[in-house]
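This is upload.pdb. It holds PDB, C-alpha atoms.
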ATOM      1  CA  MET E   1     -32.253  34.135 -65.019
ATOM      2  CA  GLY E   2     -31.520  34.835 -61.337
ATOM      3  CA  THR E   3     -32.236  38.572 -61.783
ATOM      4  CA  SER E   4     -35.580  37.967 -63.488
ATOM      5  CA  SER E   5     -36.695  35.510 -60.801
ATOM      6  CA  ARG E   6     -35.714  38.009 -58.081
ATOM      7  CA  LEU E   7     -37.597  40.750 -59.914
ATOM      8  CA  LEU E   8     -40.638  38.506 -60.258
ATOM      9  CA  GLY E   9     -40.341  37.622 -56.570
ATOM     10  CA  PHE E  10     -40.334  41.321 -55.656
ATOM     11  CA  VAL E  11     -43.321  42.067 -57.913
ATOM     12  CA  GLU E  12     -45.302  39.288 -56.192
ATOM     13  CA  SER E  13     -44.117  40.167 -52.677
ATOM     14  CA  ARG E  14     -46.448  41.329 -49.929
ATOM     15  CA  LYS E  15     -44.510  44.562 -49.519
ATOM     16  CA  ASN E  16     -44.866  45.501 -53.205
ATOM     17  CA  LEU E  17     -48.536  44.531 -53.362
ATOM     18  CA  THR E  18     -49.412  46.470 -50.192
ATOM     19  CA  GLY E  19     -47.359  49.463 -51.383
ATOM     20  CA  SER E  20     -49.081  49.359 -54.767
ATOM     21  CA  VAL E  21     -52.535  49.374 -53.180
ATOM     22  CA  CYS E  22     -51.545  52.342 -51.006
ATOM     23  CA  GLY E  23     -49.997  54.074 -54.056
ATOM     24  CA  LEU E  24     -53.271  53.604 -55.944
ATOM     25  CA  ALA E  25     -55.068  55.173 -53.000
ATOM     26  CA  GLY E  26     -52.634  58.099 -53.390
ATOM     27  CA  VAL E  27     -53.547  58.354 -57.078
ATOM     28  CA  GLY E  28     -57.228  58.421 -56.050
ATOM     29  CA  ILE E  29     -56.544  61.217 -53.566
ATOM     30  CA  SER E  30     -54.616  63.107 -56.251
ATOM     31  CA  LEU E  31     -57.483  62.765 -58.739
ATOM     32  CA  THR E  32     -59.822  64.405 -56.255
ATOM     33  CA  GLY E  33     -57.435  67.359 -56.169
ATOM     34  CA  ALA E  34     -56.736  67.065 -52.434
ATOM     35  CA  ALA E  35     -52.978  66.647 -52.984
ATOM     36  CA  GLY E  36     -52.574  69.584 -55.323
ATOM     37  CA  GLY E  37     -49.183  69.928 -56.940
ATOM     38  CA  LEU E  38     -47.575  67.528 -54.454
ATOM     39  CA  TRP E  39     -49.447  64.512 -55.848
ATOM     40  CA  PRO E  40     -46.246  62.636 -56.877
ATOM     41  CA  LEU E  41     -44.961  62.881 -53.295
ATOM     42  CA  VAL E  42     -48.309  61.668 -51.935
ATOM     43  CA  VAL E  43     -48.334  58.634 -54.264
ATOM     44  CA  VAL E  44     -44.692  57.740 -53.536
ATOM     45  CA  GLY E  45     -45.149  58.380 -49.806
ATOM     46  CA  LEU E  46     -48.230  56.168 -49.564
ATOM     47  CA  TYR E  47     -46.471  53.442 -51.587
ATOM     48  CA  ALA E  48     -43.469  53.597 -49.236
ATOM     49  CA  ALA E  49     -45.677  53.600 -46.140
ATOM     50  CA  GLY E  50     -47.595  50.577 -47.422
ATOM     51  CA  ALA E  51     -44.363  48.728 -48.257
ATOM     52  CA  LEU E  52     -42.980  49.453 -44.772
ATOM     53  CA  VAL E  53     -46.160  48.389 -42.969
ATOM     54  CA  ALA E  54     -46.610  45.134 -44.910
ATOM     55  CA  PRO E  55     -45.570  41.957 -43.086
ATOM     56  CA  PRO E  56     -42.273  40.455 -44.252
ATOM     57  CA  GLU E  57     -42.125  37.436 -46.489
ATOM     58  CA  ARG E  58     -41.821  34.138 -44.659
ATOM     59  CA  PRO E  59     -39.947  31.288 -46.225
ATOM     60  CA  ASP E  60     -41.823  28.029 -46.575
ATOM     61  CA  THR E  61     -41.229  25.597 -43.766
ATOM     62  CA  PRO E  62     -38.928  22.783 -44.854
ATOM     63  CA  HIS E  63     -40.380  19.369 -45.545
ATOM     64  CA  PHE E  64     -38.757  16.574 -43.599
ATOM     65  CA  PRO E  65     -39.596  12.978 -44.423
ATOM     66  CA  ASP E  66     -42.074  11.354 -42.083
ATOM     67  CA  ALA E  67     -41.611   7.906 -40.581
ATOM     68  CA  GLY E  68     -43.156   6.175 -43.602
ATOM     69  CA  GLU E  69     -40.857   7.923 -46.066
ATOM     70  CA  GLN E  70     -37.848   7.204 -43.855
ATOM     71  CA  LEU E  71     -38.823   3.533 -43.681
ATOM     72  CA  ASP E  72     -39.174   3.338 -47.466
ATOM     73  CA  ALA E  73     -35.658   4.709 -47.908
ATOM     74  CA  LEU E  74     -34.366   2.399 -45.189
ATOM     75  CA  ARG E  75     -35.985  -0.626 -46.891
ATOM     76  CA  ASP E  76     -34.168   0.291 -50.105
ATOM     77  CA  ASP E  77     -30.887   0.568 -48.208
ATOM     78  CA  PHE E  78     -31.575  -2.756 -46.502
ATOM     79  CA  ALA E  79     -32.050  -4.417 -49.910
ATOM     80  CA  THR E  80     -28.693  -2.957 -50.974
ATOM     81  CA  LEU E  81     -27.085  -4.286 -47.788
ATOM     82  CA  ARG E  82     -28.548  -7.745 -48.408
ATOM     83  CA  ALA E  83     -27.085  -7.794 -51.917
ATOM     84  CA  TYR E  84     -23.681  -6.840 -50.489
ATOM     85  CA  LEU E  85     -23.839  -9.489 -47.780
ATOM     86  CA  ALA E  86     -24.813 -12.178 -50.294
ATOM     87  CA  ASP E  87     -21.507 -11.608 -52.107
ATOM     88  CA  VAL E  88     -19.305 -11.671 -48.993
ATOM     89  CA  GLU E  89     -17.622 -14.919 -47.976
ATOM     90  CA  LEU E  90     -18.370 -15.566 -44.298
ATOM     91  CA  PRO E  91     -17.851 -18.529 -41.957
ATOM     92  CA  PRO E  92     -20.988 -20.706 -41.502
ATOM     93  CA  ASP E  93     -21.542 -19.686 -37.843
ATOM     94  CA  THR E  94     -21.252 -16.018 -38.692
ATOM     95  CA  ARG E  95     -23.544 -16.449 -41.705
ATOM     96  CA  GLU E  96     -26.129 -18.094 -39.422
ATOM     97  CA  ARG E  97     -25.904 -15.218 -36.912
ATOM     98  CA  LEU E  98     -26.214 -12.712 -39.760
ATOM     99  CA  THR E  99     -29.263 -14.536 -41.107
ATOM    100  CA  ALA E 100     -30.988 -14.284 -37.708
ATOM    101  CA  PHE E 101     -30.142 -10.569 -37.570
ATOM    102  CA  ASP E 102     -31.420 -10.138 -41.133
ATOM    103  CA  ALA E 103     -34.756 -11.798 -40.325
ATOM    104  CA  LEU E 104     -35.262  -9.583 -37.269
ATOM    105  CA  VAL E 105     -34.490  -6.365 -39.157
ATOM    106  CA  GLU E 106     -36.755  -7.442 -42.017
ATOM    107  CA  ALA E 107     -39.622  -7.948 -39.547
ATOM    108  CA  LEU E 108     -39.007  -4.548 -37.945
ATOM    109  CA  LEU E 109     -39.015  -2.840 -41.342
ATOM    110  CA  GLU E 110     -42.472  -4.141 -42.182
ATOM    111  CA  PRO E 111     -44.986  -1.281 -42.573
ATOM    112  CA  GLY E 112     -46.829  -0.228 -39.452
ATOM    113  CA  TRP E 113     -44.315  -1.313 -36.824
ATOM    114  CA  VAL E 114     -41.516   1.151 -36.269
ATOM    115  CA  SER E 115     -42.498   4.820 -36.099
ATOM    116  CA  ASP E 116     -40.508   6.030 -33.089
ATOM    117  CA  PRO E 117     -37.666   8.314 -34.244
ATOM    118  CA  ASP E 118     -35.204   6.716 -31.811
ATOM    119  CA  HIS E 119     -35.984   3.237 -33.113
ATOM    120  CA  LEU E 120     -35.704   4.476 -36.697
ATOM    121  CA  HIS E 121     -32.311   5.971 -35.882
ATOM    122  CA  VAL E 122     -31.032   2.706 -34.378
ATOM    123  CA  LEU E 123     -32.309   0.707 -37.354
ATOM    124  CA  ALA E 124     -30.849   3.142 -39.875
ATOM    125  CA  ARG E 125     -27.493   3.195 -38.111
ATOM    126  CA  ALA E 126     -27.368  -0.607 -38.039
ATOM    127  CA  VAL E 127     -28.318  -0.994 -41.723
ATOM    128  CA  ARG E 128     -26.364   1.908 -43.159
ATOM    129  CA  GLN E 129     -23.285   1.943 -40.965
ATOM    130  CA  ASP E 130     -22.752  -0.749 -38.321
ATOM    131  CA  VAL E 131     -23.292  -3.960 -40.298
ATOM    132  CA  PRO E 132     -21.487  -2.846 -43.491
ATOM    133  CA  GLU E 133     -18.548  -1.549 -41.464
ATOM    134  CA  ALA E 134     -18.362  -4.690 -39.311
ATOM    135  CA  VAL E 135     -18.408  -7.008 -42.330
ATOM    136  CA  ASP E 136     -15.991  -4.891 -44.347
ATOM    137  CA  THR E 137     -13.558  -4.728 -41.413
ATOM    138  CA  PHE E 138     -13.841  -8.501 -41.035
ATOM    139  CA  VAL E 139     -13.078  -9.071 -44.720
ATOM    140  CA  ARG E 140     -10.049  -6.763 -44.640
ATOM    141  CA  THR E 141      -8.726  -8.107 -41.332
ATOM    142  CA  ARG E 142      -9.186 -11.715 -42.393
ATOM    143  CA  TRP E 143      -6.863 -11.139 -45.307
ATOM    144  CA  TRP E 144      -4.157  -9.711 -43.046
ATOM    145  CA  SER E 145      -4.613 -12.366 -40.363
ATOM    146  CA  ARG E 146      -3.245 -14.948 -42.805
ATOM    147  CA  PHE E 147       0.158 -13.313 -42.371
ATOM    148  CA  THR E 148       0.050 -13.185 -38.548
ATOM    149  CA  PRO E 149      -0.546 -16.689 -37.224
ATOM    150  CA  GLY E 150      -1.651 -16.968 -33.614
ATOM    151  CA  ALA E 151      -3.585 -13.663 -33.652
ATOM    152  CA  GLU E 152      -7.169 -13.488 -32.439
ATOM    153  CA  PRO E 153      -9.428 -14.631 -35.272
ATOM    154  CA  PRO E 154     -11.360 -11.769 -36.880
ATOM    155  CA  GLU E 155     -14.508 -13.926 -36.790
ATOM    156  CA  SER E 156     -14.704 -13.475 -33.017
ATOM    157  CA  HIS E 157     -14.919  -9.681 -33.338
ATOM    158  CA  LEU E 158     -17.528  -9.919 -36.078
ATOM    159  CA  ASP E 159     -19.573 -12.370 -34.008
ATOM    160  CA  ARG E 160     -19.425 -10.064 -30.982
ATOM    161  CA  GLN E 161     -20.456  -7.068 -33.083
ATOM    162  CA  LEU E 162     -23.359  -8.966 -34.638
ATOM    163  CA  ALA E 163     -24.445 -10.185 -31.190
ATOM    164  CA  ALA E 164     -24.507  -6.601 -29.885
ATOM    165  CA  LEU E 165     -26.466  -5.409 -32.937
ATOM    166  CA  HIS E 166     -28.906  -8.318 -32.602
ATOM    167  CA  GLU E 167     -29.418  -7.336 -28.959
ATOM    168  CA  GLU E 168     -30.274  -3.759 -30.036
ATOM    169  CA  MET E 169     -32.815  -5.035 -32.565
ATOM    170  CA  THR E 170     -34.282  -7.420 -29.973
ATOM    171  CA  ALA E 171     -34.725  -4.486 -27.578
ATOM    172  CA  ILE E 172     -36.677  -2.595 -30.242
ATOM    173  CA  ALA E 173     -38.837  -5.653 -30.922
ATOM    174  CA  SER E 174     -39.470  -6.087 -27.185
ATOM    175  CA  SER E 175     -40.550  -2.476 -26.771
ATOM    176  CA  LEU E 176     -42.898  -2.818 -29.754
ATOM    177  CA  ARG E 177     -44.327  -6.021 -28.315
ATOM    178  CA  ASP E 178     -44.843  -4.348 -24.922
ATOM    179  CA  ALA E 179     -46.524  -1.342 -26.549
ATOM    180  CA  GLU E 180     -48.904  -3.631 -28.461
ATOM    181  CA  ALA E 181     -49.714  -5.576 -25.264
ATOM    182  CA  ILE E 182     -50.536  -2.335 -23.446
ATOM    183  CA  ARG E 183     -52.629  -1.157 -26.376
ATOM    184  CA  GLN E 184     -54.564  -4.420 -26.387
ATOM    185  CA  GLU E 185     -55.101  -4.268 -22.628
ATOM    186  CA  VAL E 186     -56.347  -0.674 -22.799
ATOM    187  CA  HIS E 187     -58.742  -1.530 -25.607
ATOM    188  CA  THR E 188     -60.056  -4.570 -23.705
ATOM    189  CA  ARG E 189     -60.665  -2.415 -20.636
ATOM    190  CA  TYR E 190     -62.419   0.212 -22.785
ATOM    191  CA  VAL E 191     -64.710  -2.375 -24.400
ATOM    192  CA  GLU E 192     -65.548  -3.999 -21.057
ATOM    193  CA  GLU E 193     -66.289  -0.651 -19.364
ATOM    194  CA  ARG E 194     -68.383   0.510 -22.308
ATOM    195  CA  GLY E 195     -70.700  -2.475 -21.892
ATOM    196  CA  GLN E 196     -71.453  -1.642 -18.247
TER     197      GLN E 196
END
Would you put the structure from the file into structure tokens?
Amino acid sequence: MGTSSRLLGFVESRKNLTGSVCGLAGVGISLTGAAGGLWPLVVVGLYAAGALVAPPERPDTPHFPDAGEQLDALRDDFATLRAYLADVELPPDTRERLTAFDALVEALLEPGWVSDPDHLHVLARAVRQDVPEAVDTFVRTRWWSRFTPGAEPPESHLDRQLAALHEEMTAIASSLRDAEAIRQEVHTRYVEERGQ
């Protein structure tokens, strides 16, 4: 199957098509008698010249998902994360902090808000890596902390991690809010100046 697709690819290639057109021109020259007994060399030579002159094949440019497609995938991952977090046993204070973080991320993932690649990266990293790892580490450490009394409670690390992640999400929300305020101000100025 690979050989036949390569053969078909060659038959449809620019080099073969250009060479074939030039080879047909050689056949036309031969039919007029201008090539004489060397007509096979003329046909093959013109085919080869056409194949050499033809531009090379260019591979198709790869398709990378745009911001909307990335957000759709991230929303699916966020739903998976929510299902995981619903099953995890957490202290009430930590659950409250996680709920605030969850609400902020949900708002940022609404269509039409986040399109900046840097913001998408921060959101994706938080949803796909930081929060699951922080919670999983908490769950594992909490089990071991039962055997080492007097150690720092694992809740404090989880709370600090969630606070840092919440701060990152708040920074994204602030930059979006500032961008919308500037956009509104520019539009107001445009409308006012248009009326004068």
Evaluate the PyMOL selection byres ((chain E and resi 176) around 12) and report residues as a PyMOL selection string: chain E and resi 107-108+112-116+119+169-175+177-183
For E:Val131, list every protein, DNA or RNA residue within 10 Å, evaluated using all atoms listed in the file, and leave out those in the same chain fewer than 6 positions away; present the list as a ChimeraX atom specification. /E:81,85,98,101,125,137,158,161-162,165
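Comparing E:Leu109, E:Ala25, E:Ala51, E:Val44 by their smallest distance to E:Ala124, the closest is E:Leu109 (using only C-alpha atoms).
Here the selection is built from all atoms listed in the file, and the residues within 6 Å of (-30.1, -13.0, -34.0) turn out to be Arg97, Ala100, Phe101 and His166 of chain E.
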Take the PyMOL selection byres ((chain E and resi 127) around 9), run it mentally on this structure, and tell me the resulting residues as a count of residues only. 15
For this structure, which residues satisfy the selection - the PyMOL selection byres ((chain E and resi 39) around 12) - when it is evaluated on the file as given? I want them as an mmCIF file with C-alpha atoms, in the coordinates of the input.
data_model
loop_
_atom_site.group_PDB
_atom_site.id
_atom_site.type_symbol
_atom_site.label_atom_id
_atom_site.label_comp_id
_atom_site.auth_asym_id
_atom_site.auth_seq_id
_atom_site.Cartn_x
_atom_site.Cartn_y
_atom_site.Cartn_z
ATOM 1 C CA GLY E 23 -49.997 54.074 -54.056
ATOM 2 C CA LEU E 24 -53.271 53.604 -55.944
ATOM 3 C CA ALA E 25 -55.068 55.173 -53.000
ATOM 4 C CA GLY E 26 -52.634 58.099 -53.390
ATOM 5 C CA VAL E 27 -53.547 58.354 -57.078
ATOM 6 C CA GLY E 28 -57.228 58.421 -56.050
ATOM 7 C CA ILE E 29 -56.544 61.217 -53.566
ATOM 8 C CA SER E 30 -54.616 63.107 -56.251
ATOM 9 C CA LEU E 31 -57.483 62.765 -58.739
ATOM 10 C CA THR E 32 -59.822 64.405 -56.255
ATOM 11 C CA GLY E 33 -57.435 67.359 -56.169
ATOM 12 C CA ALA E 34 -56.736 67.065 -52.434
ATOM 13 C CA ALA E 35 -52.978 66.647 -52.984
ATOM 14 C CA GLY E 36 -52.574 69.584 -55.323
ATOM 15 C CA GLY E 37 -49.183 69.928 -56.940
ATOM 16 C CA LEU E 38 -47.575 67.528 -54.454
ATOM 17 C CA PRO E 40 -46.246 62.636 -56.877
ATOM 18 C CA LEU E 41 -44.961 62.881 -53.295
ATOM 19 C CA VAL E 42 -48.309 61.668 -51.935
ATOM 20 C CA VAL E 43 -48.334 58.634 -54.264
ATOM 21 C CA VAL E 44 -44.692 57.740 -53.536
ATOM 22 C CA GLY E 45 -45.149 58.380 -49.806
ATOM 23 C CA LEU E 46 -48.230 56.168 -49.564
#
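We find atom CA of E:Pro92 and atom CA of E:Asp159 to be spaced 11.3 Å apart.
Proximity to E:Ser156 was assessed for E:Glu12, E:Glu185, E:Asp93, E:Asp60 counting all atoms listed in the file; the smallest distance is recorded for E:Asp93.
Closest approach to E:Lys15 among E:Thr3, E:Ala103, E:Ala54, E:Gly195 is made by E:Ala54 (distances from all atoms listed in the file).
All protein and nucleic acid residues in the vicinity of (-45.3, 44.1, -42.0), that is within 12 Å when counting all atoms listed in the file, are Ser13, Arg14, Lys15, Asn16, Leu17, Thr18, Gly19, Ala49, Gly50, Ala51, Leu52, Val53, Ala54, Pro55, Pro56, Glu57 and Arg58 of chain E.
Comparing the minimum interatomic distances between E:Leu104 and each of E:Cys22, E:Glu167, E:His187, E:Pro153, counting all atoms listed in the file, we find that E:Glu167 sits nearest.
The gap separating atom CA of E:Glu106 from atom CA of E:Ala67 is 16.2 Å, in Å to one decimal.
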